[in-house]
Protein chains: 2
Amino acid sequence: MTWKNDTVASVNPPRGMRDFLPADKARRERVLAVIRDRYRAHGFDEIETPVVEDYDRLHAGIGGDNEKLAFNVLKRGLDADAIRAAADAPDGVDAHALADLGLRYDLTVPLARFYATHRAELPTVFRSIQMAPVWRAERPQKGRYRQFVQCDIDIIGDATSRAEAELLVASLDALDELGLVGATFRINDRRALDWMLAHFGFAESERAGVLITIDKLDKVGPDGVIAELRGRDAAASAVEAFDAFLRRPQSDHVLPFGEQQIRAALPAGAPDDIVADLVAIGAAVSAARGIGGGDRVDAPLEFDPFLVRGMGYYTGTIFELAHPSVAYSLGGGGRYDGMIGRFLGQDVPAVGFSIGFERIVDLLETAADAGAAAVVLVHDRDVPVGELVALKAALVADGARVRLEQRTKNLKVLLERAAADGYTSFATVAAGQPRDALETKPLS
Amino acid sequence: MTWKNDTVASVNPPRGMRDFLPADKARRERVLAVIRDRYRAHGFDEIETPVVEDYDRLHAGIGGDNEKLAFNVLKRGLDADAIRAAADAPDGVDAHALADLGLRYDLTVPLARFYATHRAELPTVFRSIQMAPVWRAERPQKGRYRQFVQCDIDIIGDATSRAEAELLVASLDALDELGLVGATFRINDRRALDWMLAHFGFAESERAGVLITIDKLDKVGPDGVIAELRGRDAAASAVEAFDAFLRRPQSDHVLPFGEQQIRAALPAGAPDDIVADLVAIGAAVSAARGIGGGDRVDAPLEFDPFLVRGMGYYTGTIFELAHPSVAYSLGGGGRYDGMIGRFLGQDVPAVGFSIGFERIVDLLETAADAGAAAVVLVHDRDVPVGELVALKAALVADGARVRLEQRTKNLKVLLERAAADGYTSFATVAAGQPRDALETKPLS
């Protein structure tokens with residue numbers, strides 16, 4: 001035992017993980033319920049997989065850098081010989097000899113595994129919702145936790161831009177419903193990035209590295225990016241061509257999303273098919289969002305030719321959710337044809353979006369519970385149990401939420417806590433008091 | 001890598017664990033939502049803790065036999081020396097040298113830890129809801145899984161029978177709301193059991209063993225119990241006294257729950273305080289359940305002097321939920337003063353009830369989604385994306401749930417699957433078709 005005694009000082013949740021007290025938990029559940037409801041309305045279906053997956057699945061190369069951050073689960077019933085063999089493996093410590101399972105670090109690897117297991121039972125175009133925790137053994141820091149909830153939707157089996165349009169429209173609808181009206185998507189296409197780098201003269205072998213640098217444009221600016229590219233072992237002429245492009249004179253006139261804007265943001269000669277796909281997505285989102293409101297006709301999209309997104313598995317469109325109230329993104333996603341079919345041994349088109357659940361929860365203020373009255377019954381010590389519990393049940397049957405509290409000397413503190421927990425009124429109960437004499441007062 | 005290739009044959013969820021497809025997942029979420037809503041109405045507040053706890057907490061003796069079933073999490077960054085030391089520990093393999101965390105096997109250990117961490121932020125009487133998965137490395141068998149959901153309510157800080165009455169009333173209300181009307185509780189008190197065994201003459205040291213045998217009464221009957229007790233090293237005169245009590249002539253007349261029934265079921269001279277507590281709980285549940293319905297005046301309780309329940313930590317009342325539609329229990333709980341305060345180093349009264357979520361889910365038929373229309377839009381391949389996505393958005397904005405399906409040769413199969421997923425109507429969409437020409441037909 002590493003802890004010395006059963007005292008409060010030693011009882012915290014595991015490092016980098018959080019408990020949720022009632023007010024936080026209620027807010028999280030409300031946000032999840034809204035997102036679930038909107039995504040379901042848009043034809044997505046929720047699924048669930050176990051929190052652990054086989055070690056091999058989690059370390060098959062799909063997870064990128066996250067694979068290193070997996071929490072692994074010790075095999076049951078290991079004997080001393082097996083443990084020693086793991087320590088003495090020829091290539092260094094063999095974690096897989098000790099662990100057969102691991103906690104998932106994302107919801108994409110489990111989705112690929114789930115789809116391989118159940119494809120025959122799913123519709124041809126499968127629209128999934130996953131809202132569930134994932135675990136990463138990262139160094140804990142402000143706003144970064146070792147257990148956090150991810151909230152993904154994916155469309156599997158549709159190679160057309162209809163899938164992108166459905167994802168974006170459903171997500172904007174969910175944001176609206178959460179009160180975050182006015183959200184927009186920055187959008188790009190990995191194929192456009194690839195074409196652009198080829199156009200400047202970057203060799204295929206150096207493009208992945210160049211993308212990592214371009215991904216820093218928001219942080220370090222054009223000068224920083226060009227300096228870093230010059231430091232890289234990249235073709236000098238390509239860097240100069242890119243530099244010239246970044247410094248080209250641009251009109252101050254902001255174009256609405258559409259072919260003209262996309263072509264103006266890219267070097268001349270961008271491939272028609274890529275531009276057409278983006279335009280089609282914008283038109284569809286615009287048409288869908290135009291309904292029912294006069295001021296939503298413009299597509300809430302912004303083409304950003306330098307949007308990269310980290311993961312190596314994207315193959316087409318990529319997008320990030322932005323909201324005027326915050327500088328950081330509230331979610332992201334893209335098309336990743338080829339990965340979902342990995343465990344199935346065949347290519348399957350797929351596009352996904354992960355809404356930033358933890359960021360959104362932090363952003364939203366605690367909203368009082370909608371509707372129902374919430375009453376605290378402050379009772380004297382001597383009120384008979386039956387009287388009290390029956391009174392409570394009667395109020396619950398009438399639709400209220402009811403908490404019993406035995407009267408304490410400091411009634412004020414008691415009522416303040418109840419108000420903080422979302423209770424809106426209180427009444428005092430004495431022994432033998434007739435039920436219709438109950439008088440509720442608002443909790444201010 | 002232990003799996004040979006990326007084929008379907010090898011992709012299952014981890015051993016003993018389940019994936020949930022859309023219909024199952026929706027049903028589970030509906031049941032959780034109903035239980036959450038009813039418990040909240042009764043003044044309980046939901047909390048959440050991380051799925052892992054420190055290894056020491058999970059192996060502090062609170063978990064009973066479940067401690068051996070914990071999935072342990074491998075420490076990160078172990079080197080060969082540390083692993084070898086774990087293998088060569090003087091008392092045999094030292095799992096704790098390899099694992100610093102474990103997946104929780106119940107929600108009680110985390111609650112005790114949570115309460116110790118946050119007591120200052122919680123009301124004096126804290127009524128918690130926890131609805132969350134737990135993990136046990138049991139040998140998988142029918143109906144028993146290595147990951148399953150527990151659904152617990154606990155009242156911490158109330159030593160009176162008010163707490164039991166609140167738990168039972170809230171749970172019966174939840175069952176009603178799920179459509180399982182007519183549920184009852186079998187109830188007993190560990191203090192009554194202890195008094196009864198002393199009364200027959202069992203020494204204190206042998207009572208724990210005797211309880212394990214009595215717990216089998218439902219399965220093996222009175223003869224089986226007496227035979228096993230005779231085989232035990234228990235006082236012979238006590239066994240004979242117990243045998244005579246079991247065989248005593250009893251009236252066929254079934255008494256309603258109350259003092260008379262309790263006293264008739266126990267040997268003469270049962271302590272007044274224990275009987276009075278049980279009667280008070282019955283009266284309170286009766287009063288609460290009598291409200292709003294003419295036929296619910298009898299307490300839905302049955303006193304069972306031989307109800308034991310396995311866990312060693314119970315100190316007072318114990319109860320099990322029964323329903324006429326099934327032979328097995330649908331949940332259980334009891335008072336366990338002394339355990340919640342374990343990590344706090346002080347005694348705290350507590351009583352809890354765990355509703356049998358997995359059993360209830362299996363019992364309930366899939367109910368169609370309440371209310372909202374659910375429409376499948378079967379579209380031709382050539383309908384423009386914008387037209388289609390805008391049409392879908394318009395229906396969603398009107399309150400419907402909408403799935404897009406591209407027309408296939410076998411429309412029947414497509415529609416049958418949609419019906420199985422809860423969709424209730426469909427409409428076909430051709431390119432250029434005016435929106436008001438949409439004609440929805442019911443899915444039979």
# chains A, B, ... in the order shown; residues from 1 in each chain; ligands from 1
>>> residues_around(residues="region 33-39 of chain A", least_positions_apart="3", cutoff="12 Å", atoms="only C-alpha atoms", output="NGL selection string")
(:A and (26-30 or 42-47 or 127-132 or 150-155 or 166-179 or 353-357 or 360-361)) or (:B and (25-26 or 29-30 or 32-33 or 369 or 372 or 393 or 396-397 or 399-403))
>>> interface_residues(of="chain B", to="chain A", cutoff="6 Å", atoms="only C-alpha atoms", output="CSV table (one decimal) with all heavy atoms, in the first residue's frame")
chain,number,residue,atom,x,y,z
B,6,ASP,N,-6.1,-8.8,-41.6
B,6,ASP,CA,-7.2,-7.9,-41.4
B,6,ASP,C,-8.5,-8.4,-42.0
B,6,ASP,O,-9.1,-7.8,-42.8
B,6,ASP,CB,-6.9,-6.6,-42.0
B,6,ASP,CG,-5.8,-5.9,-41.3
B,6,ASP,OD1,-5.5,-6.3,-40.2
B,6,ASP,OD2,-5.3,-4.9,-41.8
B,7,THR,N,-9.0,-9.6,-41.5
B,7,THR,CA,-10.3,-10.1,-42.1
B,7,THR,C,-11.4,-10.1,-41.0
B,7,THR,O,-11.1,-9.9,-39.8
B,7,THR,CB,-10.1,-11.6,-42.5
B,7,THR,OG1,-9.7,-12.3,-41.4
B,7,THR,CG2,-9.1,-11.7,-43.6
B,8,VAL,N,-12.6,-10.2,-41.5
B,8,VAL,CA,-13.7,-10.1,-40.6
B,8,VAL,C,-13.7,-11.1,-39.5
B,8,VAL,O,-14.0,-10.8,-38.4
B,8,VAL,CB,-15.1,-10.3,-41.4
B,8,VAL,CG1,-16.3,-10.2,-40.5
B,8,VAL,CG2,-15.2,-9.3,-42.5
B,11,VAL,N,-12.4,-9.9,-36.1
B,11,VAL,CA,-12.8,-8.7,-35.5
B,11,VAL,C,-14.0,-8.8,-34.6
B,11,VAL,O,-15.1,-8.6,-35.0
B,11,VAL,CB,-13.0,-7.5,-36.5
B,11,VAL,CG1,-11.7,-6.9,-36.9
B,11,VAL,CG2,-13.8,-8.0,-37.7
B,12,ASN,N,-13.8,-9.1,-33.4
B,12,ASN,CA,-14.9,-9.1,-32.4
B,12,ASN,C,-14.5,-8.2,-31.3
B,12,ASN,O,-13.4,-7.8,-31.1
B,12,ASN,CB,-15.1,-10.5,-31.9
B,12,ASN,CG,-15.7,-11.4,-32.9
B,12,ASN,OD1,-16.7,-11.1,-33.6
B,12,ASN,ND2,-15.1,-12.6,-33.1
B,14,PRO,N,-13.7,-7.2,-27.4
B,14,PRO,CA,-13.0,-8.1,-26.5
B,14,PRO,C,-13.8,-9.1,-25.8
B,14,PRO,O,-15.0,-8.9,-25.7
B,14,PRO,CB,-12.4,-7.0,-25.5
B,14,PRO,CG,-12.3,-5.8,-26.3
B,14,PRO,CD,-13.5,-5.8,-27.2
B,19,ASP,N,-20.8,-5.0,-28.2
B,19,ASP,CA,-21.2,-3.8,-29.0
B,19,ASP,C,-22.7,-3.6,-28.9
B,19,ASP,O,-23.4,-4.6,-28.8
B,19,ASP,CB,-20.8,-4.0,-30.5
B,19,ASP,CG,-19.3,-4.0,-30.7
B,19,ASP,OD1,-18.6,-3.3,-30.0
B,19,ASP,OD2,-18.9,-4.7,-31.7
B,20,PHE,N,-23.1,-2.4,-28.9
B,20,PHE,CA,-24.5,-2.1,-29.0
B,20,PHE,C,-24.9,-1.4,-30.3
B,20,PHE,O,-24.4,-0.4,-30.7
B,20,PHE,CB,-25.0,-1.2,-27.8
B,20,PHE,CG,-24.8,-2.0,-26.5
B,20,PHE,CD1,-23.8,-1.6,-25.7
B,20,PHE,CD2,-25.6,-3.0,-26.2
B,20,PHE,CE1,-23.6,-2.3,-24.5
B,20,PHE,CE2,-25.4,-3.7,-25.0
B,20,PHE,CZ,-24.4,-3.3,-24.2
B,21,LEU,N,-25.7,-2.1,-31.1
B,21,LEU,CA,-26.2,-1.6,-32.4
B,21,LEU,C,-27.3,-0.6,-32.1
B,21,LEU,O,-27.8,-0.5,-31.0
B,21,LEU,CB,-26.7,-2.8,-33.3
B,21,LEU,CG,-25.5,-3.6,-33.8
B,21,LEU,CD1,-25.7,-5.1,-33.7
B,21,LEU,CD2,-25.3,-3.2,-35.3
B,22,PRO,N,-27.6,0.2,-33.2
B,22,PRO,CA,-28.5,1.3,-32.9
B,22,PRO,C,-29.8,1.0,-32.1
B,22,PRO,O,-30.1,1.7,-31.2
B,22,PRO,CB,-28.9,1.8,-34.3
B,22,PRO,CG,-27.6,1.5,-35.1
B,22,PRO,CD,-27.1,0.2,-34.6
B,25,LYS,N,-28.9,0.3,-28.5
B,25,LYS,CA,-28.3,1.5,-27.9
B,25,LYS,C,-29.5,2.5,-27.5
B,25,LYS,O,-29.5,3.1,-26.5
B,25,LYS,CB,-27.3,2.1,-28.8
B,25,LYS,CG,-26.7,3.4,-28.3
B,25,LYS,CD,-25.9,3.3,-27.0
B,25,LYS,CE,-25.2,4.6,-26.5
B,25,LYS,NZ,-24.7,4.5,-25.2
B,41,ALA,N,-36.3,13.6,-10.0
B,41,ALA,CA,-37.5,14.1,-9.4
B,41,ALA,C,-37.6,13.9,-7.9
B,41,ALA,O,-38.0,14.7,-7.1
B,41,ALA,CB,-38.7,13.6,-10.1
B,42,HIS,N,-37.0,12.7,-7.5
B,42,HIS,CA,-37.1,12.4,-6.1
B,42,HIS,C,-35.9,13.0,-5.3
B,42,HIS,O,-35.6,12.5,-4.2
B,42,HIS,CB,-37.1,10.9,-5.9
B,42,HIS,CG,-38.5,10.3,-6.2
B,42,HIS,ND1,-39.4,10.1,-5.2
B,42,HIS,CD2,-39.1,10.0,-7.3
B,42,HIS,CE1,-40.6,9.6,-5.7
B,42,HIS,NE2,-40.4,9.5,-7.0
B,43,GLY,N,-35.2,13.9,-5.9
B,43,GLY,CA,-34.2,14.7,-5.1
B,43,GLY,C,-32.8,14.1,-5.2
B,43,GLY,O,-32.0,14.5,-4.4
B,45,ASP,N,-29.2,13.4,-7.1
B,45,ASP,CA,-28.4,14.2,-8.0
B,45,ASP,C,-27.3,13.2,-8.6
B,45,ASP,O,-26.6,12.5,-7.9
B,45,ASP,CB,-27.6,15.3,-7.3
B,45,ASP,CG,-28.6,16.4,-7.0
B,45,ASP,OD1,-29.3,16.9,-7.9
B,45,ASP,OD2,-28.6,16.9,-5.8
B,46,GLU,N,-27.2,13.3,-9.9
B,46,GLU,CA,-26.2,12.4,-10.6
B,46,GLU,C,-24.8,13.0,-10.5
B,46,GLU,O,-24.6,14.2,-10.6
B,46,GLU,CB,-26.6,12.3,-12.1
B,46,GLU,CG,-25.8,11.1,-12.8
B,46,GLU,CD,-26.3,10.9,-14.2
B,46,GLU,OE1,-27.2,11.6,-14.7
B,46,GLU,OE2,-25.8,9.9,-14.8
B,47,ILE,N,-23.9,12.0,-10.3
B,47,ILE,CA,-22.5,12.4,-10.2
B,47,ILE,C,-21.7,11.4,-11.2
B,47,ILE,O,-22.3,10.4,-11.6
B,47,ILE,CB,-21.8,12.3,-8.8
B,47,ILE,CG1,-22.0,10.8,-8.3
B,47,ILE,CG2,-22.5,13.3,-7.9
B,47,ILE,CD1,-21.0,10.5,-7.2
B,48,GLU,N,-20.5,11.7,-11.5
B,48,GLU,CA,-19.7,10.8,-12.3
B,48,GLU,C,-18.2,10.8,-11.8
B,48,GLU,O,-17.7,11.9,-11.4
B,48,GLU,CB,-19.7,11.3,-13.7
B,48,GLU,CG,-19.0,10.3,-14.7
B,48,GLU,CD,-18.9,10.9,-16.1
B,48,GLU,OE1,-19.8,11.5,-16.6
B,48,GLU,OE2,-17.9,10.6,-16.8
B,49,THR,N,-17.6,9.7,-11.8
B,49,THR,CA,-16.2,9.5,-11.4
B,49,THR,C,-15.5,8.9,-12.6
B,49,THR,O,-16.1,8.3,-13.5
B,49,THR,CB,-16.1,8.6,-10.2
B,49,THR,OG1,-16.5,7.3,-10.5
B,49,THR,CG2,-16.9,9.2,-9.0
B,53,GLU,N,-9.8,3.8,-10.9
B,53,GLU,CA,-9.4,4.4,-9.6
B,53,GLU,C,-8.0,3.9,-9.3
B,53,GLU,O,-7.5,2.9,-9.9
B,53,GLU,CB,-10.4,3.8,-8.5
B,53,GLU,CG,-11.8,4.4,-8.6
B,53,GLU,CD,-11.9,5.9,-8.0
B,53,GLU,OE1,-11.0,6.3,-7.3
B,53,GLU,OE2,-12.9,6.6,-8.4
B,54,ASP,N,-7.4,4.5,-8.3
B,54,ASP,CA,-6.1,4.0,-7.9
B,54,ASP,C,-6.2,2.6,-7.4
B,54,ASP,O,-7.1,2.2,-6.8
B,54,ASP,CB,-5.5,4.9,-6.8
B,54,ASP,CG,-5.1,6.3,-7.3
B,54,ASP,OD1,-4.8,6.4,-8.5
B,54,ASP,OD2,-5.0,7.2,-6.5
B,72,ASN,N,-6.6,-4.6,-14.1
B,72,ASN,CA,-5.6,-3.6,-13.7
B,72,ASN,C,-5.0,-2.9,-14.9
B,72,ASN,O,-4.8,-3.6,-15.9
B,72,ASN,CB,-4.6,-4.3,-12.8
B,72,ASN,CG,-5.3,-4.9,-11.5
B,72,ASN,OD1,-6.1,-4.2,-10.9
B,72,ASN,ND2,-5.1,-6.1,-11.2
B,73,VAL,N,-4.6,-1.7,-14.7
B,73,VAL,CA,-4.0,-0.9,-15.8
B,73,VAL,C,-2.5,-0.9,-15.6
B,73,VAL,O,-2.0,-0.4,-14.5
B,73,VAL,CB,-4.6,0.5,-15.8
B,73,VAL,CG1,-3.8,1.4,-16.8
B,73,VAL,CG2,-6.1,0.4,-16.1
B,74,LEU,N,-1.8,-1.3,-16.6
B,74,LEU,CA,-0.3,-1.3,-16.6
B,74,LEU,C,0.3,0.1,-16.4
B,74,LEU,O,-0.2,1.1,-17.0
B,74,LEU,CB,0.2,-1.9,-18.0
B,74,LEU,CG,1.6,-2.3,-18.1
B,74,LEU,CD1,1.9,-3.5,-17.2
B,74,LEU,CD2,1.9,-2.7,-19.6
B,80,ALA,N,12.8,-2.6,-17.7
B,80,ALA,CA,13.0,-4.1,-17.5
B,80,ALA,C,13.2,-4.4,-16.0
B,80,ALA,O,12.7,-5.4,-15.5
B,80,ALA,CB,14.1,-4.6,-18.4
B,83,ILE,N,10.0,-4.5,-14.0
B,83,ILE,CA,9.2,-5.6,-14.3
B,83,ILE,C,9.7,-6.9,-13.7
B,83,ILE,O,9.0,-7.7,-13.1
B,83,ILE,CB,9.1,-5.8,-15.9
B,83,ILE,CG1,8.4,-4.5,-16.5
B,83,ILE,CG2,8.3,-7.0,-16.3
B,83,ILE,CD1,8.4,-4.4,-18.0
B,84,ARG,N,11.1,-7.0,-13.8
B,84,ARG,CA,11.7,-8.2,-13.2
B,84,ARG,C,11.4,-8.2,-11.7
B,84,ARG,O,11.2,-9.3,-11.1
B,84,ARG,CB,13.2,-8.2,-13.5
B,84,ARG,CG,13.6,-9.4,-14.4
B,84,ARG,CD,15.1,-9.3,-14.7
B,84,ARG,NE,15.3,-8.8,-16.0
B,84,ARG,CZ,16.0,-7.7,-16.4
B,84,ARG,NH1,16.6,-6.9,-15.4
B,84,ARG,NH2,16.2,-7.3,-17.6
B,87,ALA,N,8.2,-9.6,-10.9
B,87,ALA,CA,8.1,-11.1,-11.0
B,87,ALA,C,8.8,-11.8,-9.8
B,87,ALA,O,8.3,-12.8,-9.4
B,87,ALA,CB,8.8,-11.5,-12.3
B,93,VAL,N,4.3,-13.0,-7.3
B,93,VAL,CA,4.1,-11.9,-8.3
B,93,VAL,C,3.4,-10.7,-7.6
B,93,VAL,O,2.4,-10.9,-7.0
B,93,VAL,CB,3.3,-12.4,-9.5
B,93,VAL,CG1,2.9,-11.2,-10.4
B,93,VAL,CG2,4.1,-13.4,-10.3
B,116,ALA,N,-15.3,11.1,0.1
B,116,ALA,CA,-14.1,11.6,0.9
B,116,ALA,C,-13.5,12.8,0.3
B,116,ALA,O,-13.1,13.8,0.9
B,116,ALA,CB,-13.1,10.5,1.0
B,117,THR,N,-13.5,12.9,-1.1
B,117,THR,CA,-12.8,14.0,-1.8
B,117,THR,C,-13.7,15.3,-1.7
B,117,THR,O,-13.2,16.4,-1.5
B,117,THR,CB,-12.7,13.7,-3.3
B,117,THR,OG1,-12.1,12.4,-3.4
B,117,THR,CG2,-11.7,14.7,-4.0
B,162,ARG,N,-36.2,7.1,7.1
B,162,ARG,CA,-36.6,8.0,6.0
B,162,ARG,C,-35.8,7.7,4.8
B,162,ARG,O,-36.3,7.7,3.7
B,162,ARG,CB,-36.3,9.5,6.5
B,162,ARG,CG,-37.2,10.5,5.9
B,162,ARG,CD,-37.1,11.8,6.7
B,162,ARG,NE,-35.7,12.2,7.0
B,162,ARG,CZ,-35.3,12.6,8.2
B,162,ARG,NH1,-36.2,12.8,9.2
B,162,ARG,NH2,-34.1,13.0,8.4
B,283,ALA,N,-44.9,1.7,6.5
B,283,ALA,CA,-45.9,2.7,6.6
B,283,ALA,C,-45.6,3.9,5.6
B,283,ALA,O,-46.5,4.4,5.0
B,283,ALA,CB,-46.1,3.2,8.0
B,284,ALA,N,-44.4,4.3,5.6
B,284,ALA,CA,-44.0,5.4,4.7
B,284,ALA,C,-44.2,5.1,3.2
B,284,ALA,O,-44.7,5.9,2.5
B,284,ALA,CB,-42.6,5.9,5.0
B,287,ALA,N,-47.9,5.0,2.5
B,287,ALA,CA,-48.5,6.3,2.4
B,287,ALA,C,-48.1,7.0,1.1
B,287,ALA,O,-48.9,7.6,0.5
B,287,ALA,CB,-48.0,7.2,3.6
B,288,ALA,N,-46.8,6.9,0.8
B,288,ALA,CA,-46.4,7.5,-0.5
B,288,ALA,C,-47.0,6.9,-1.7
B,288,ALA,O,-47.4,7.6,-2.6
B,288,ALA,CB,-44.8,7.4,-0.6
B,343,PHE,N,-12.7,5.9,3.6
B,343,PHE,CA,-11.5,6.7,3.1
B,343,PHE,C,-11.4,8.0,3.8
B,343,PHE,O,-10.5,8.8,3.6
B,343,PHE,CB,-11.6,6.9,1.6
B,343,PHE,CG,-11.5,5.6,0.9
B,343,PHE,CD1,-12.4,5.3,-0.2
B,343,PHE,CD2,-10.6,4.6,1.2
B,343,PHE,CE1,-12.3,4.2,-0.9
B,343,PHE,CE2,-10.5,3.4,0.4
B,343,PHE,CZ,-11.4,3.2,-0.6
B,344,LEU,N,-12.5,8.3,4.6
B,344,LEU,CA,-12.6,9.6,5.3
B,344,LEU,C,-12.1,9.4,6.8
B,344,LEU,O,-11.8,10.4,7.5
B,344,LEU,CB,-14.1,10.0,5.3
B,344,LEU,CG,-14.5,11.4,5.5
B,344,LEU,CD1,-13.8,12.3,4.5
B,344,LEU,CD2,-16.0,11.5,5.4
B,345,GLY,N,-12.0,8.1,7.2
B,345,GLY,CA,-11.6,7.8,8.6
B,345,GLY,C,-12.7,8.2,9.6
B,345,GLY,O,-12.4,8.4,10.7
B,385,VAL,N,-27.3,17.4,-54.7
B,385,VAL,CA,-27.0,17.3,-53.3
B,385,VAL,C,-27.8,18.5,-52.6
B,385,VAL,O,-28.4,18.2,-51.5
B,385,VAL,CB,-25.5,17.5,-53.0
B,385,VAL,CG1,-25.2,17.6,-51.6
B,385,VAL,CG2,-24.7,16.3,-53.6
B,386,GLY,N,-27.7,19.7,-53.1
B,386,GLY,CA,-28.3,20.8,-52.4
B,386,GLY,C,-29.8,20.6,-52.3
B,386,GLY,O,-30.4,20.9,-51.2
B,389,VAL,N,-30.4,17.8,-49.5
B,389,VAL,CA,-30.0,18.2,-48.2
B,389,VAL,C,-31.0,19.3,-47.6
B,389,VAL,O,-31.3,19.3,-46.5
B,389,VAL,CB,-28.5,18.6,-48.1
B,389,VAL,CG1,-28.1,19.1,-46.7
B,389,VAL,CG2,-27.7,17.4,-48.4
B,390,ALA,N,-31.4,20.2,-48.5
B,390,ALA,CA,-32.3,21.2,-48.1
B,390,ALA,C,-33.7,20.6,-47.8
B,390,ALA,O,-34.3,21.0,-46.8
B,390,ALA,CB,-32.5,22.2,-49.2
B,393,ALA,N,-33.4,19.0,-44.4
B,393,ALA,CA,-33.3,20.0,-43.3
B,393,ALA,C,-34.7,20.6,-43.1
B,393,ALA,O,-35.1,20.9,-41.9
B,393,ALA,CB,-32.3,21.1,-43.7
B,401,ARG,N,-37.6,13.1,-37.9
B,401,ARG,CA,-36.3,12.4,-37.9
B,401,ARG,C,-36.2,11.9,-39.3
B,401,ARG,O,-37.1,11.3,-39.8
B,401,ARG,CB,-36.3,11.3,-36.9
B,401,ARG,CG,-35.0,10.5,-36.8
B,401,ARG,CD,-35.1,9.5,-35.6
B,401,ARG,NE,-34.3,8.4,-35.7
B,401,ARG,CZ,-34.6,7.1,-35.5
B,401,ARG,NH1,-35.8,6.8,-35.1
B,401,ARG,NH2,-33.8,6.1,-35.7
B,402,VAL,N,-35.0,12.2,-40.0
B,402,VAL,CA,-35.0,11.9,-41.5
B,402,VAL,C,-33.7,11.2,-41.8
B,402,VAL,O,-32.6,11.6,-41.4
B,402,VAL,CB,-35.0,13.2,-42.3
B,402,VAL,CG1,-35.1,13.0,-43.8
B,402,VAL,CG2,-36.2,14.1,-41.8
B,403,ARG,N,-33.9,10.1,-42.6
B,403,ARG,CA,-32.7,9.4,-43.2
B,403,ARG,C,-32.8,9.5,-44.7
B,403,ARG,O,-33.8,9.2,-45.3
B,403,ARG,CB,-32.8,7.9,-42.7
B,403,ARG,CG,-31.6,7.1,-43.3
B,403,ARG,CD,-31.8,5.6,-43.0
B,403,ARG,NE,-31.4,5.2,-41.7
B,403,ARG,CZ,-31.4,4.0,-41.3
B,403,ARG,NH1,-31.8,3.0,-42.0
B,403,ARG,NH2,-31.1,3.7,-40.0
>>> select_by_dssp(residues="region 57-99 of chain B", states="strand (DSSP E or B)", output="list in words")
Asn72, Val73, Leu74 and Ala99 of chain B
>>> write_last_selection(atoms="C-alpha atoms", output="mmCIF file, in the first residue's frame")
data_model
loop_
_atom_site.group_PDB
_atom_site.id
_atom_site.type_symbol
_atom_site.label_atom_id
_atom_site.label_comp_id
_atom_site.auth_asym_id
_atom_site.auth_seq_id
_atom_site.Cartn_x
_atom_site.Cartn_y
_atom_site.Cartn_z
ATOM 1 C CA ASN B 72 -5.646 -3.615 -13.690
ATOM 2 C CA VAL B 73 -3.965 -0.916 -15.760
ATOM 3 C CA LEU B 74 -0.294 -1.306 -16.599
ATOM 4 C CA ALA B 99 -0.302 -1.671 -12.151
#
>>> residues_around(residues="Ala241 (chain A)", least_positions_apart="3", cutoff="6 Å", atoms="only C-alpha atoms", output="PDB file with C-alpha atoms, in the first residue's frame")
ATOM      1  CA  PHE A 200       4.830  25.159 -56.149  1.00  0.00           C
ATOM      2  CA  ALA A 238       9.313  25.672 -54.175  1.00  0.00           C
ATOM      3  CA  ALA A 244       5.593  34.802 -53.449  1.00  0.00           C
TER       4      ALA A 244
END
>>> select_by_dssp(residues="region 89-187 of chain B", states="alpha helix (DSSP H)", output="PyMOL selection string")
chain B and resi 95-98+108-118+161-177
>>> residues_around(residues="Gln260 (chain B)", least_positions_apart="5", cutoff="10 Å", atoms="only C-alpha atoms", output="PDB file with N, CA and C atoms, in the first residue's frame")
ATOM      1  N   LEU B 255     -50.704 -12.439   5.862  1.00  0.00           N
ATOM      2  CA  LEU B 255     -50.887 -11.133   6.510  1.00  0.00           C
ATOM      3  C   LEU B 255     -50.334 -10.027   5.613  1.00  0.00           C
ATOM      4  N   ALA B 265     -43.296 -13.907  11.543  1.00  0.00           N
ATOM      5  CA  ALA B 265     -42.264 -14.553  10.722  1.00  0.00           C
ATOM      6  C   ALA B 265     -40.975 -14.798  11.498  1.00  0.00           C
ATOM      7  N   VAL B 275     -38.013  -4.100  14.689  1.00  0.00           N
ATOM      8  CA  VAL B 275     -39.361  -4.259  14.125  1.00  0.00           C
ATOM      9  C   VAL B 275     -39.967  -2.886  13.816  1.00  0.00           C
ATOM     10  N   VAL B 279     -41.443  -1.462  10.280  1.00  0.00           N
ATOM     11  CA  VAL B 279     -42.838  -1.021  10.194  1.00  0.00           C
ATOM     12  C   VAL B 279     -42.905   0.421   9.682  1.00  0.00           C
TER      13      VAL B 279
END
>>> residues_around(residues="Gln261 (chain A)", least_positions_apart="6", cutoff="12 Å", atoms="only C-alpha atoms", output="list in words")
Gln250, Ser251, His253, Val254, Leu255, Pro267, Val275, Leu278, Val279, Gly282, Leu301, Glu302, Phe303, Asp304 and Pro305 of chain A
